[in-house]
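The data block below is final-v3.pdb; it holds PDB, C-alpha atoms, pLDDT in the B column.
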```pdb
MODEL        1
ATOM      1  CA  MET A 229     -22.970 -16.010  12.749  1.00 61.00           C
ATOM      2  CA  SER A 230     -19.235 -16.496  12.661  1.00 66.00           C
ATOM      3  CA  ARG A 231     -17.088 -13.981  10.753  1.00 85.00           C
ATOM      4  CA  SER A 232     -13.384 -14.256  10.030  1.00 93.00           C
ATOM      5  CA  LEU A 233     -11.104 -11.473  11.279  1.00 96.00           C
ATOM      6  CA  GLY A 234     -10.424 -10.429   7.688  1.00 97.00           C
ATOM      7  CA  ASN A 235     -14.131 -10.087   6.960  1.00 97.00           C
ATOM      8  CA  VAL A 236     -14.664  -8.040  10.112  1.00 97.00           C
ATOM      9  CA  ILE A 237     -11.836  -5.694   9.114  1.00 98.00           C
ATOM     10  CA  ALA A 238     -13.060  -5.502   5.487  1.00 97.00           C
ATOM     11  CA  ASP A 239     -16.611  -4.686   6.641  1.00 97.00           C
ATOM     12  CA  SER A 240     -15.279  -1.601   8.392  1.00 97.00           C
ATOM     13  CA  LEU A 241     -13.145  -0.674   5.388  1.00 98.00           C
ATOM     14  CA  GLU A 242     -16.141  -0.848   3.049  1.00 98.00           C
ATOM     15  CA  LEU A 243     -18.077   1.534   5.295  1.00 98.00           C
ATOM     16  CA  CYS A 244     -15.124   3.942   5.289  1.00 98.00           C
ATOM     17  CA  LEU A 245     -14.817   3.829   1.495  1.00 98.00           C
ATOM     18  CA  GLY A 246     -18.490   4.666   1.071  1.00 98.00           C
ATOM     19  CA  TYR A 247     -18.103   7.653   3.382  1.00 98.00           C
ATOM     20  CA  ALA A 248     -14.933   8.720   1.558  1.00 98.00           C
ATOM     21  CA  GLU A 249     -16.877   8.767  -1.728  1.00 98.00           C
ATOM     22  CA  ARG A 250     -19.718  10.816  -0.257  1.00 98.00           C
ATOM     23  CA  LEU A 251     -17.308  13.387   1.195  1.00 98.00           C
ATOM     24  CA  LEU A 252     -16.034  14.184  -2.303  1.00 98.00           C
ATOM     25  CA  LYS A 253     -19.479  15.327  -3.489  1.00 97.00           C
ATOM     26  CA  ASP A 254     -19.303  18.894  -4.818  1.00 97.00           C
ATOM     27  CA  VAL A 255     -15.565  19.240  -4.064  1.00 98.00           C
ATOM     28  CA  THR A 256     -13.872  20.808  -7.073  1.00 97.00           C
ATOM     29  CA  PRO A 257     -10.262  20.198  -8.123  1.00 97.00           C
ATOM     30  CA  GLU A 258      -9.576  23.878  -7.416  1.00 96.00           C
ATOM     31  CA  GLN A 259     -10.786  23.528  -3.790  1.00 96.00           C
ATOM     32  CA  PHE A 260      -9.229  20.116  -3.149  1.00 98.00           C
ATOM     33  CA  GLY A 261      -5.875  21.411  -1.862  1.00 98.00           C
ATOM     34  CA  ARG A 262      -7.028  24.640  -0.276  1.00 98.00           C
ATOM     35  CA  PHE A 263      -7.434  25.672   3.323  1.00 98.00           C
ATOM     36  CA  ALA A 264     -10.889  26.927   4.185  1.00 95.00           C
ATOM     37  CA  VAL A 265     -11.464  30.633   4.647  1.00 92.00           C
ATOM     38  CA  VAL A 266     -14.137  31.538   7.196  1.00 92.00           C
ATOM     39  CA  LYS A 267     -15.145  35.178   7.648  1.00 92.00           C
ATOM     40  CA  GLY A 268     -11.867  36.256   6.061  1.00 92.00           C
ATOM     41  CA  HIS A 269      -9.686  34.018   8.239  1.00 94.00           C
ATOM     42  CA  VAL A 270      -7.680  31.142   6.761  1.00 95.00           C
ATOM     43  CA  ILE A 271      -8.218  27.976   8.788  1.00 95.00           C
ATOM     44  CA  GLU A 272      -5.119  25.774   8.846  1.00 95.00           C
ATOM     45  CA  SER A 273      -6.858  22.427   8.893  1.00 94.00           C
ATOM     46  CA  ASN A 274      -6.147  19.370   6.771  1.00 97.00           C
ATOM     47  CA  HIS A 275      -7.851  19.687   3.395  1.00 98.00           C
ATOM     48  CA  PRO A 276      -9.019  16.802   1.184  1.00 98.00           C
ATOM     49  CA  ALA A 277      -5.842  16.668  -0.927  1.00 98.00           C
ATOM     50  CA  PHE A 278      -3.760  16.044   2.152  1.00 98.00           C
ATOM     51  CA  VAL A 279      -6.221  13.650   3.802  1.00 98.00           C
ATOM     52  CA  TYR A 280      -6.859  11.450   0.758  1.00 98.00           C
ATOM     53  CA  GLY A 281      -3.182  11.644  -0.183  1.00 98.00           C
ATOM     54  CA  HIS A 282      -2.054  10.608   3.283  1.00 98.00           C
ATOM     55  CA  LEU A 283      -4.580   7.797   3.449  1.00 98.00           C
ATOM     56  CA  CYS A 284      -3.677   6.515  -0.030  1.00 98.00           C
ATOM     57  CA  LEU A 285      -0.335   5.396   1.391  1.00 98.00           C
ATOM     58  CA  TYR A 286      -2.051   2.832   3.621  1.00 98.00           C
ATOM     59  CA  GLY A 287      -3.933   0.567   1.180  1.00 97.00           C
ATOM     60  CA  PRO A 288      -0.629  -0.589  -0.330  1.00 97.00           C
ATOM     61  CA  ARG A 289       0.911  -0.760   3.153  1.00 96.00           C
ATOM     62  CA  ILE A 290      -1.850  -3.106   4.344  1.00 97.00           C
ATOM     63  CA  LEU A 291      -1.181  -5.477   1.458  1.00 97.00           C
ATOM     64  CA  SER A 292       2.572  -5.340   1.940  1.00 96.00           C
ATOM     65  CA  GLN A 293       2.339  -5.988   5.682  1.00 96.00           C
ATOM     66  CA  LEU A 294       0.165  -9.023   4.973  1.00 96.00           C
ATOM     67  CA  GLY A 295       2.704 -10.308   2.441  1.00 95.00           C
ATOM     68  CA  GLN A 296       0.396  -9.750  -0.525  1.00 95.00           C
ATOM     69  CA  PRO A 297       1.058  -8.089  -3.890  1.00 95.00           C
ATOM     70  CA  GLY A 298      -0.839  -5.015  -4.934  1.00 93.00           C
ATOM     71  CA  PRO A 299      -0.609  -1.427  -6.049  1.00 95.00           C
ATOM     72  CA  VAL A 300       2.028   0.902  -4.707  1.00 94.00           C
ATOM     73  CA  ALA A 301       1.643   4.564  -3.895  1.00 93.00           C
ATOM     74  CA  PRO A 302       2.595   6.772  -6.831  1.00 95.00           C
ATOM     75  CA  GLU A 303       6.111   8.149  -6.909  1.00 94.00           C
ATOM     76  CA  GLY A 304       6.513  11.301  -4.847  1.00 95.00           C
ATOM     77  CA  PHE A 305       3.362  10.780  -2.784  1.00 97.00           C
ATOM     78  CA  ASP A 306       5.236   9.757   0.351  1.00 95.00           C
ATOM     79  CA  ALA A 307       7.193  13.022   0.395  1.00 95.00           C
ATOM     80  CA  VAL A 308       4.082  15.220   0.491  1.00 97.00           C
ATOM     81  CA  PHE A 309       1.653  12.905   2.297  1.00 97.00           C
ATOM     82  CA  SER A 310       3.635  10.983   4.944  1.00 95.00           C
ATOM     83  CA  LYS A 311       2.699  11.182   8.603  1.00 93.00           C
ATOM     84  CA  ASP A 312       5.567  13.657   9.000  1.00 94.00           C
ATOM     85  CA  ALA A 313       4.532  15.919   6.103  1.00 96.00           C
ATOM     86  CA  LYS A 314       2.834  19.243   6.799  1.00 96.00           C
ATOM     87  CA  CYS A 315      -0.447  20.132   5.112  1.00 98.00           C
ATOM     88  CA  VAL A 316      -0.119  23.410   3.239  1.00 97.00           C
ATOM     89  CA  ASP A 317      -2.541  25.668   1.387  1.00 97.00           C
ATOM     90  CA  ASP A 318      -1.912  24.856  -2.281  1.00 97.00           C
ATOM     91  CA  VAL A 319      -2.906  28.256  -3.670  1.00 95.00           C
ATOM     92  CA  ALA A 320      -1.299  27.762  -7.092  1.00 94.00           C
ATOM     93  CA  GLY A 321      -2.202  24.068  -7.372  1.00 93.00           C
ATOM     94  CA  THR A 322       1.447  23.031  -7.640  1.00 95.00           C
ATOM     95  CA  VAL A 323       2.206  21.380  -4.283  1.00 96.00           C
ATOM     96  CA  TYR A 324      -0.091  18.358  -4.500  1.00 97.00           C
ATOM     97  CA  PRO A 325      -0.879  15.992  -7.349  1.00 97.00           C
ATOM     98  CA  PRO A 326      -4.218  16.527  -9.146  1.00 97.00           C
ATOM     99  CA  MET A 327      -7.423  15.527  -7.369  1.00 98.00           C
ATOM    100  CA  ALA A 328      -8.087  12.674  -9.822  1.00 98.00           C
ATOM    101  CA  ALA A 329      -4.646  11.142  -9.227  1.00 98.00           C
ATOM    102  CA  VAL A 330      -4.926  11.369  -5.442  1.00 98.00           C
ATOM    103  CA  THR A 331      -8.437   9.956  -5.208  1.00 98.00           C
ATOM    104  CA  GLN A 332      -7.638   7.180  -7.689  1.00 98.00           C
ATOM    105  CA  ALA A 333      -4.610   6.124  -5.619  1.00 98.00           C
ATOM    106  CA  PHE A 334      -6.755   6.222  -2.487  1.00 98.00           C
ATOM    107  CA  PHE A 335      -9.576   4.063  -3.845  1.00 98.00           C
ATOM    108  CA  ASP A 336      -7.341   1.711  -5.868  1.00 98.00           C
ATOM    109  CA  GLY A 337      -5.196   0.837  -2.860  1.00 98.00           C
ATOM    110  CA  TYR A 338      -8.019   0.123  -0.465  1.00 98.00           C
ATOM    111  CA  LYS A 339     -10.184  -1.651  -3.045  1.00 98.00           C
ATOM    112  CA  ALA A 340      -7.245  -3.957  -3.780  1.00 98.00           C
ATOM    113  CA  ALA A 341      -6.990  -4.726  -0.056  1.00 98.00           C
ATOM    114  CA  LEU A 342     -10.684  -5.652   0.356  1.00 97.00           C
ATOM    115  CA  PRO A 343     -10.692  -9.090  -1.326  1.00 97.00           C
ATOM    116  CA  VAL A 344      -7.326  -9.933   0.207  1.00 97.00           C
ATOM    117  CA  LEU A 345      -8.576  -9.168   3.712  1.00 97.00           C
ATOM    118  CA  ARG A 346     -11.665 -11.282   3.100  1.00 97.00           C
ATOM    119  CA  SER A 347      -9.623 -14.217   1.771  1.00 96.00           C
ATOM    120  CA  LEU A 348      -7.021 -14.569   4.496  1.00 97.00           C
ATOM    121  CA  PRO A 349      -7.378 -17.051   7.340  1.00 96.00           C
ATOM    122  CA  ASP A 350      -7.500 -15.746  10.891  1.00 96.00           C
ATOM    123  CA  ASP A 351      -3.941 -16.902  11.590  1.00 96.00           C
ATOM    124  CA  ALA A 352      -2.633 -14.420   8.977  1.00 97.00           C
ATOM    125  CA  PHE A 353      -3.610 -11.643  11.398  1.00 97.00           C
ATOM    126  CA  GLN A 354      -1.877 -13.142  14.456  1.00 97.00           C
ATOM    127  CA  PRO A 355       1.802 -12.270  13.812  1.00 97.00           C
ATOM    128  CA  VAL A 356       3.338  -9.514  15.872  1.00 96.00           C
ATOM    129  CA  ASN A 357       3.030  -6.019  14.439  1.00 97.00           C
ATOM    130  CA  PRO A 358       6.489  -5.421  12.932  1.00 94.00           C
ATOM    131  CA  LEU A 359       6.444  -1.620  13.273  1.00 94.00           C
ATOM    132  CA  GLY A 360       7.794  -1.642  16.812  1.00 94.00           C
ATOM    133  CA  GLY A 361       7.623   1.113  19.396  1.00 96.00           C
ATOM    134  CA  ARG A 362       4.374   2.807  20.255  1.00 96.00           C
ATOM    135  CA  MET A 363       2.519   1.377  17.239  1.00 96.00           C
ATOM    136  CA  THR A 364       3.240  -2.164  18.427  1.00 97.00           C
ATOM    137  CA  ASP A 365       2.346  -1.225  21.995  1.00 97.00           C
ATOM    138  CA  LEU A 366      -1.015   0.078  20.777  1.00 97.00           C
ATOM    139  CA  PHE A 367      -1.618  -2.600  18.115  1.00 98.00           C
ATOM    140  CA  PRO A 368       0.337  -5.735  19.059  1.00 98.00           C
ATOM    141  CA  THR A 369      -0.744  -7.947  16.130  1.00 98.00           C
ATOM    142  CA  LEU A 370      -1.088  -7.468  12.389  1.00 97.00           C
ATOM    143  CA  GLY A 371      -4.823  -7.912  12.883  1.00 97.00           C
ATOM    144  CA  SER A 372      -5.128  -5.095  15.384  1.00 97.00           C
ATOM    145  CA  LEU A 373      -2.951  -2.870  13.198  1.00 98.00           C
ATOM    146  CA  GLN A 374      -4.999  -3.589  10.063  1.00 98.00           C
ATOM    147  CA  SER A 375      -8.197  -3.038  12.017  1.00 98.00           C
ATOM    148  CA  PHE A 376      -6.922   0.434  12.938  1.00 98.00           C
ATOM    149  CA  TYR A 377      -5.754   1.190   9.389  1.00 98.00           C
ATOM    150  CA  CYS A 378      -9.121   0.097   7.949  1.00 98.00           C
ATOM    151  CA  GLY A 379     -11.326   1.812  10.494  1.00 97.00           C
ATOM    152  CA  GLY A 380     -10.208   4.342  13.075  1.00 97.00           C
ATOM    153  CA  HIS A 381      -7.342   5.801  11.072  1.00 98.00           C
ATOM    154  CA  ILE A 382      -9.483   6.406   8.000  1.00 98.00           C
ATOM    155  CA  MET A 383     -12.459   7.771   9.925  1.00 98.00           C
ATOM    156  CA  MET A 384     -10.262  10.076  12.019  1.00 97.00           C
ATOM    157  CA  HIS A 385      -8.937  11.710   8.858  1.00 98.00           C
ATOM    158  CA  LEU A 386     -12.257  11.685   7.022  1.00 98.00           C
ATOM    159  CA  GLY A 387     -13.658  13.605   9.984  1.00 97.00           C
ATOM    160  CA  GLN A 388     -11.185  16.344   9.063  1.00 97.00           C
ATOM    161  CA  VAL A 389     -12.668  16.429   5.571  1.00 98.00           C
ATOM    162  CA  SER A 390     -16.169  16.570   7.048  1.00 97.00           C
ATOM    163  CA  ALA A 391     -15.211  19.638   9.109  1.00 97.00           C
ATOM    164  CA  TRP A 392     -13.469  21.194   6.072  1.00 97.00           C
ATOM    165  CA  ARG A 393     -16.647  20.723   4.008  1.00 97.00           C
ATOM    166  CA  ARG A 394     -18.635  22.695   6.538  1.00 96.00           C
ATOM    167  CA  MET A 395     -16.049  25.465   6.636  1.00 96.00           C
ATOM    168  CA  MET A 396     -16.188  25.560   2.809  1.00 96.00           C
ATOM    169  CA  ASP A 397     -20.005  25.788   3.006  1.00 94.00           C
ATOM    170  CA  LEU A 398     -20.406  22.443   1.213  1.00 94.00           C
ATOM    171  CA  GLY A 399     -22.578  20.942   3.959  1.00 87.00           C
ATOM    172  CA  ALA A 400     -22.735  17.414   5.274  1.00 88.00           C
ATOM    173  CA  ALA A 401     -21.954  14.513   2.958  1.00 85.00           C
TER     174      ALA A 401
ENDMDL
END
```
Let me see the structure of the file written as structure tokens.
Amino acid sequence: MSRSLGNVIADSLELCLGYAERLLKDVTPEQFGRFAVVKGHVIESNHPAFVYGHLCLYGPRILSQLGQPGPVAPEGFDAVFSKDAKCVDDVAGTVYPPMAAVTQAFFDGYKAALPVLRSLPDDAFQPVNPLGGRMTDLFPTLGSLQSFYCGGHIMMHLGQVSAWRRMMDLGAA
């Protein structure tokens, strides 16, 4: 069976989105932006607010890099969720946007990318990755970059949520 590059990338993205949904089971809005506390010790590890917020920046980025229209990340999200932002324990619930806003931006962006990825011809994934530097060294084409954004990058961060769930005594998803 022959599969286009876009379909291969989208297949991985769909798997990631299903896992992302399962990881939210039993997570409350009050817990969403909190560090875990284990045996009285605060564990400084990325919590769901930061993970889903960081990842929500990439669905729109995928579409933009492929020259396609789509949703944009909500205003202010880049400041608190960029790759250079630091995850903090949001004790008062004032640092990060509400859980519903973050998760909606996450799912809306990636779900908008799915049909676009599936519709593009293979040659749309052949241009050189425009990011430059190390990211272009690692992922020389748009296809390899989008494959990372729709697979490894998401799963790496969702693994942080999986570990956080266990520290919060929420169990496996």
Specify the axis-aligned box that encloses all atoms of segment 285-291 of chain A listed in the file after padding of 3 Å on each side, stating its centre and edge lengths in Å to one decimal as JSON.
```
{"center_x": -1.5, "center_y": 0.0, "center_z": 2.0, "size_x": 10.8, "size_y": 16.9, "size_z": 10.7}
```
Give me the residues within 8 Å of Ala277 of chain A as a count of residues only, counting only C-alpha atoms and dropping any in the same chain fewer than 3 places off. 7
Please list as an NGL selection string every residue within 7 Å of Gly234 of chain A, counting only C-alpha atoms and excluding residues in the same chain fewer than 6 positions away. :A and (345-346 or 348 or 350)
I want to know what sits within 12 Å of Asp397 of chain A, based on all atoms listed in the file, with residues of the same chain fewer than 4 positions away left out; could you give that as a PyMOL selection string? chain A and resi 254-255+259+264-267+390-393+401
Just the residues within 12 Å of Lys314 of chain A, please, counting only C-alpha atoms, with nothing from its chain fewer than 4 positions along; format it as a PyMOL selection string. chain A and resi 272-275+277-279+281-282+306-310+318+323-324
In Å, rounded to a single decimal, give me how far atom CA of Tyr247 of chain A is from atom CA of Phe367 of chain A.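 Going from atom CA of Phe367 of chain A over to atom CA of Tyr247 of chain A, I get 24.4 Å.
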List, as number ranges by chain, every residue that the PyMOL selection byres ((chain A and resi 287) around 9) selects in the file provided. A: 283-286, 288-292, 298-301, 333-341, 377-378
Give me the residues within 9 Å of Gly321 of chain A as a list in words, counting only C-alpha atoms and dropping any in the same chain fewer than 4 places off.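 Here the qualifying residues turn out to be Pro257, Glu258, Gly261, Arg262, Asp317, Pro325 and Pro326 of chain A.
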Print the selection's residues with C-alpha atoms to a file, as a PDB file, in the coordinates of the input.
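Full text of again_29.pdb as output:
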```pdb
ATOM      1  CA  PRO A 257     -10.262  20.198  -8.123  1.00 97.00           C
ATOM      2  CA  GLU A 258      -9.576  23.878  -7.416  1.00 96.00           C
ATOM      3  CA  GLY A 261      -5.875  21.411  -1.862  1.00 98.00           C
ATOM      4  CA  ARG A 262      -7.028  24.640  -0.276  1.00 98.00           C
ATOM      5  CA  ASP A 317      -2.541  25.668   1.387  1.00 97.00           C
ATOM      6  CA  PRO A 325      -0.879  15.992  -7.349  1.00 97.00           C
ATOM      7  CA  PRO A 326      -4.218  16.527  -9.146  1.00 97.00           C
TER       8      PRO A 326
END
```
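Among the candidates A:His385, A:Lys253, A:Gly379, A:Ile271, the residue lying nearest to Leu398 of chain A is A:Lys253 (atoms considered: all atoms listed in the file).
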Selection in question (the file shown): the PyMOL selection byres ((chain A and resi 356) around 10). Which residues does it include, as a PyMOL selection string? chain A and resi 353-355+357-360+364+367-373
